[in-house]
Amino acid sequence: MSVGPVLDRIDSNLSDSLERLKEFLRIPSISTDPAYKSECDRAADWLVADLRSMGVQAEKRPTPGHPMVVGTIDGPGPHLLFYGHYDVQPVDPLDLWDNDPFDPQIEDTPKGKVIRGRGTSDDKGQLMTFVEACRAWIAEHGSLPCKVTFFFEGEEESGSPSLVPFLEENAEELKADIALICDTGLFDSRVPAITTMLRGMLQEEITITGPTRDLHSGMYGGAAMNPIRVLSRIIALLHDDQGRVTIPGFYEGVPDIPADVMQQWEALEFDHKAFLGDVGLADLAGEAGRSALEMIWSRPTCEVNGIGGGYQGEGFKTVLPSKASAKISFRLVGQQDPHAIRDSLRTMIADLTPKDCKVSFKGHGASKASVMSIDNPAFEQARVALSEEWPDEAAFIGSGGSIPVAGYFQTLLGTESMLIGYGKDDDQIHSPNEKYDIESFHKGTRSWARILQALTKE
């Protein structure tokens, strides 16, 4: 099957594709607000009907929360699982929107045409790029070049409480040769990218307790142990002078980045001075000798996210506080074990805590990183296909954040994920006046058509 006629059909049907996207965007499928439960149901029904119109066997599947949509269409090539989510963020504050967030409009901007409205970029517009690519393949050739399972979630923006149980119950049906996830973006708003590394997360809350009550600093200062002083010393000792984390065993499982991937990152010519300058900073502050992209994508971190203790109102209250606390989070990479790191952190802090103080811990999240095996030929095939569509050559990149569904596909389905998206840095996802570039929608659709062909070549 040739991709050329499919690309021509995508071009000629762009206006129809945008009208379908507008219809989908008009459904206010806000998953976190119970008042919109029926609208989430309506969005799921819309997707089922749209998939069925293409010949996909699709249905809405109930969960304790919002429904899943699952559809399958057979084809001769490998089995691909495509994931997207149909739920959207709340629109507050509404007064900061220029127009009704659920009345999508196409607008001219200095950077080109965009479609503006809630869900345009996250994730309805992205989801529909793949659907429209499949629609064009089927219309042109009568079928897809491979088997595709469509899997659309309605709770991504509210923590995905039903996702893991659903995957466990339907693992055999959803297992595939490769999973495709369209919930990411272009690097620097221009370079097509396949995200192959997602960092994990560990969160820990620490409380140091000293005296039984707050103490007058004139009476007890110097003689009594100050929990803030203890906590400050502990926090200071979590990093050495080179920016490395000092927790014993912390770097076990941290991989070296392959030379060819490092070359791709260097070719991106990331301007860390501009990146930091946007937030009023200038100098890199992490591990000495590492580039900004290495630190954000492939190195683990330890960050203090909040500190509390003592008097923090106006003026002064000269006390030695009874307690001091800190919230500390870790971004993890490679094969780092969050539970082993938690145990090592707690042991280290307990050893640093003076006898007159007590330390208590409260654990929060603990999830491993997701690392995709780019040795699978499908990754390079997809990268080449992306490069054929965009002016800049596509790259394998990392992500400083976490997209849990990719990890669940690995652990529960045994399926590696390709994270390919076409969003831009200025799309204002989760914010008022969210938008998606028409170029992203158009070239994203064309990109998926090329990838479908690339992944099905012998």
# chains A, B, ... in the order shown; residues from 1 in each chain; ligands from 1

call {"tool": "closest_atom_pairs", "arguments": {"of": "range 381-429 of chain A", "to": "range 261-282 of chain A", "cutoff": "10 Å", "atoms": "only C-alpha atoms", "output": "tab-separated table"}}
result
residue	atom	partner	partner_atom	distance
A:Asp392	CA	A:Leu268	CA	9.5
A:Glu393	CA	A:Gln264	CA	9.3
A:Ala394	CA	A:Gln264	CA	8.8
A:Ala395	CA	A:Gln264	CA	6.0
A:Phe396	CA	A:Val261	CA	6.7
A:Ile397	CA	A:Trp265	CA	7.2
A:Gly398	CA	A:Trp265	CA	9.4

call {"tool": "select_by_dssp", "arguments": {"residues": "range 66-279 of chain A", "states": "strand (DSSP E or B)", "output": "number ranges by chain"}}
result
A: 68-73, 79-85, 88, 105-109, 112-116, 147-153, 178-181, 185, 187, 191, 193-198, 200-209, 215-216, 239, 245

call {"tool": "atom_distance", "arguments": {"atom1": "CA of Ala171 in chain A", "atom2": "CA of His364 in chain A"}}
result
27.5 Å

call {"tool": "closest_residue", "arguments": {"among": "A:Arg383, A:Lys424, A:Lys327, A:His442", "to": "Glu132 in chain A", "atoms": "only C-alpha atoms"}}
result
A:His442

call {"tool": "atom_distance", "arguments": {"atom1": "CA of Arg450 in chain A", "atom2": "CA of Asn376 in chain A"}}
result
18.0 Å

call {"tool": "residues_around", "arguments": {"residues": "Ala179 in chain A", "least_positions_apart": "6", "cutoff": "7 Å", "atoms": "only C-alpha atoms", "output": "list in words"}}
result
Leu80, Leu81, Phe82, Thr415, Glu416, Ser417 and Met418 of chain A

call {"tool": "residues_around", "arguments": {"residues": "Gly125 in chain A", "least_positions_apart": "5", "cutoff": "12 Å", "atoms": "only C-alpha atoms", "output": "PyMOL selection string"}}
result
chain A and resi 17-25+84-88+104+114-120+130-132+182-185+421-423+427+429+434-442+444-445

call {"tool": "atom_distance", "arguments": {"atom1": "CA of Ile181 in chain A", "atom2": "CA of Leu51 in chain A"}}
result
17.6 Å

call {"tool": "closest_residue", "arguments": {"among": "A:Ile247, A:Leu180, A:Ile106, A:Ile206", "to": "Asn305 in chain A", "atoms": "only C-alpha atoms"}}
result
A:Ile206

call {"tool": "closest_atom_pairs", "arguments": {"of": "range 300-363 of chain A", "to": "range 209-232 of chain A", "cutoff": "6 Å", "atoms": "only C-alpha atoms", "output": "CSV"}}
result
residue,atom,partner,partner_atom,distance
A:Thr318,CA,A:Ser217,CA,5.6
A:Val319,CA,A:His216,CA,4.8
A:Leu320,CA,A:Leu215,CA,4.9
A:Pro321,CA,A:Asp214,CA,4.5
A:Ser322,CA,A:Asp214,CA,4.7
A:Lys323,CA,A:Thr209,CA,4.5
A:Ala324,CA,A:Ile228,CA,5.4
A:Cys357,CA,A:Gly210,CA,4.5
A:Lys358,CA,A:Thr209,CA,5.1

call {"tool": "select_by_dssp", "arguments": {"residues": "range 16-162 of chain A", "states": "alpha helix (DSSP H)", "output": "PDB file with C-alpha atoms, in the first residue's frame"}}
result
ATOM      1  CA  ASP A  16     -13.579  18.172   6.944  1.00  0.00           C
ATOM      2  CA  SER A  17     -11.115  16.849   9.523  1.00  0.00           C
ATOM      3  CA  LEU A  18     -11.125  20.190  11.315  1.00  0.00           C
ATOM      4  CA  GLU A  19     -14.928  20.254  11.374  1.00  0.00           C
ATOM      5  CA  ARG A  20     -14.956  16.821  13.032  1.00  0.00           C
ATOM      6  CA  LEU A  21     -12.403  18.044  15.567  1.00  0.00           C
ATOM      7  CA  LYS A  22     -14.555  21.095  16.323  1.00  0.00           C
ATOM      8  CA  GLU A  23     -17.570  18.866  16.920  1.00  0.00           C
ATOM      9  CA  PHE A  24     -15.536  16.756  19.357  1.00  0.00           C
ATOM     10  CA  LEU A  25     -14.150  19.853  21.120  1.00  0.00           C
ATOM     11  CA  LYS A  37     -20.141  13.155  34.092  1.00  0.00           C
ATOM     12  CA  SER A  38     -22.803  13.002  31.378  1.00  0.00           C
ATOM     13  CA  GLU A  39     -20.589  15.061  29.068  1.00  0.00           C
ATOM     14  CA  CYS A  40     -17.747  12.556  29.522  1.00  0.00           C
ATOM     15  CA  ASP A  41     -20.201   9.821  28.559  1.00  0.00           C
ATOM     16  CA  ARG A  42     -21.195  11.892  25.534  1.00  0.00           C
ATOM     17  CA  ALA A  43     -17.573  12.287  24.459  1.00  0.00           C
ATOM     18  CA  ALA A  44     -17.065   8.529  24.710  1.00  0.00           C
ATOM     19  CA  ASP A  45     -20.213   7.941  22.652  1.00  0.00           C
ATOM     20  CA  TRP A  46     -18.980  10.427  20.051  1.00  0.00           C
ATOM     21  CA  LEU A  47     -15.703   8.541  19.683  1.00  0.00           C
ATOM     22  CA  VAL A  48     -17.455   5.181  19.398  1.00  0.00           C
ATOM     23  CA  ALA A  49     -19.716   6.515  16.646  1.00  0.00           C
ATOM     24  CA  ASP A  50     -16.790   8.121  14.801  1.00  0.00           C
ATOM     25  CA  LEU A  51     -14.700   4.951  14.913  1.00  0.00           C
ATOM     26  CA  ARG A  52     -17.624   2.829  13.756  1.00  0.00           C
ATOM     27  CA  SER A  53     -18.152   5.174  10.807  1.00  0.00           C
ATOM     28  CA  LYS A 124      -8.405  15.860  21.615  1.00  0.00           C
ATOM     29  CA  GLY A 125      -6.531  17.502  18.776  1.00  0.00           C
ATOM     30  CA  GLN A 126      -3.597  15.139  19.207  1.00  0.00           C
ATOM     31  CA  LEU A 127      -5.859  12.092  19.476  1.00  0.00           C
ATOM     32  CA  MET A 128      -7.661  13.016  16.287  1.00  0.00           C
ATOM     33  CA  THR A 129      -4.441  13.284  14.263  1.00  0.00           C
ATOM     34  CA  PHE A 130      -4.133   9.517  14.479  1.00  0.00           C
ATOM     35  CA  VAL A 131      -7.840   8.891  13.883  1.00  0.00           C
ATOM     36  CA  GLU A 132      -7.780  11.101  10.780  1.00  0.00           C
ATOM     37  CA  ALA A 133      -4.670   9.336   9.465  1.00  0.00           C
ATOM     38  CA  CYS A 134      -6.462   6.004   9.808  1.00  0.00           C
ATOM     39  CA  ARG A 135      -9.584   7.436   8.180  1.00  0.00           C
ATOM     40  CA  ALA A 136      -7.539   8.506   5.152  1.00  0.00           C
ATOM     41  CA  TRP A 137      -5.820   5.094   4.889  1.00  0.00           C
ATOM     42  CA  ILE A 138      -9.146   3.260   4.985  1.00  0.00           C
ATOM     43  CA  ALA A 139     -10.809   5.641   2.525  1.00  0.00           C
ATOM     44  CA  GLU A 140      -7.930   5.309   0.062  1.00  0.00           C
ATOM     45  CA  HIS A 141      -7.064   1.608   0.343  1.00  0.00           C
TER      46      HIS A 141
END

call {"tool": "closest_residue", "arguments": {"among": "A:Pro432, A:Leu237, A:Gly400, A:Ala193", "to": "Ala382 in chain A", "atoms": "only C-alpha atoms"}}
result
A:Ala193
